[in-house]
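Trainee: Got a structure here, written out as structure tokens. Questions coming.
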Amino acid sequence: MLTRRNFMKAGGVALASLAIPSIVGFGAPYTARVAQIVEIFMKSDPQGSEVWFDPIGVYIEPGQTVRWIVMDNVHTTTAYHPKNDMHSLRIPEGATPWDSGFLVNKGDHFDLTLTVEGVYDYFCMPHEQAGMVGRIVVGKPAGPGALSFDYFKGKPGTSNWKPVPISAQKAFPSVEVVLKQKIVRRG
Ligand SMILES: [Cu+2]
């Protein structure tokens, strides 16, 4: 029989290191906190002139799941990766790129579990030029997403990569701010 004491011996320490009270709130029971999914809402004003991810920056532990949810308008969550229409690489080299495709109806969502540590930059396909981008830091910040937007200039095999538009560059929260605040809302 698995007593509470044995359970704590078996997994208590590892579970404790995954708990992030600042993201999930202090009221949740211990076990619920460990499994918490971090939600990112995809928003728009009624005219569609203002569009954004809320929050725009999040910090998670390796193995945690992020869920993007449509509130208004039509959006995608798409990794900065050459496999996505030759966009420049801004997720860790060892990570799998994602593209949700169009999420159309309110409540439509896309889940992603991130295990490779590093910085993950992503955009919304129809709204990248409007600055609809976001940043996730998983564990230790590292990889291309932690570098400048033009880090690949002159490197072999990257001449057809699309740089992040200036309007979108300006929207990203810095890695430092994401690490400090854990959840970053649009300024
Ligand atoms: Cu969008």
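Residue names in the structure tokens use chain letters A, B, ... in the order shown, residue numbers from 1 in each chain, and ligand numbers from 1 in the order shown.
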Residues up to 7 Å from ligand 1, counting only C-alpha atoms and all ligand atoms: could you list those as an NGL selection string?

Mentor: :A and (42 or 51-52 or 74-76 or 124-127 or 132)

Trainee: From a DSSP calculation on the backbone, collect every residue of chain A in helix (DSSP H, G or I) and output the set as a ChimeraX atom specification.

Mentor: /A:4-18,21-24,30-34,125-127,144-146,166-169,175-181

Trainee: When distances are computed from only C-alpha atoms, which of A:Thr113, A:Asn73, A:Ser174, A:Ser100 shows the smallest separation from Leu147 of chain A?

Mentor: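 Result for the nearest residue to Leu147 of chain A: A:Ser174.
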
Trainee: Excluding Ala79 of chain A and any residue of its chain fewer than 2 positions from it, enumerate the residues within 8 Å of it, using only C-alpha atoms, and give them as a list of chain:residue names.

Mentor: A:Thr77, A:His81, A:Asn84, A:Arg90, A:Ile91, A:Pro97, A:Trp98, A:Asp99, A:Tyr120, A:Asp121, A:Tyr122, A:Phe123

Trainee: Counting only C-alpha atoms, which residue out of A:Arg67, A:Lys106, A:Lys153, A:Lys83 sits closest to Ser44 of chain A?

Mentor: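 Nearest to Ser44 of chain A: A:Lys106.
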
Trainee: Of the residues A:Glu50, A:Phe149, A:His109, A:Glu39, which is the one nearest to Trp161 of chain A, using only C-alpha atoms?

Mentor: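 Once distances to Trp161 of chain A are computed over only C-alpha atoms, the minimum belongs to A:Phe149.
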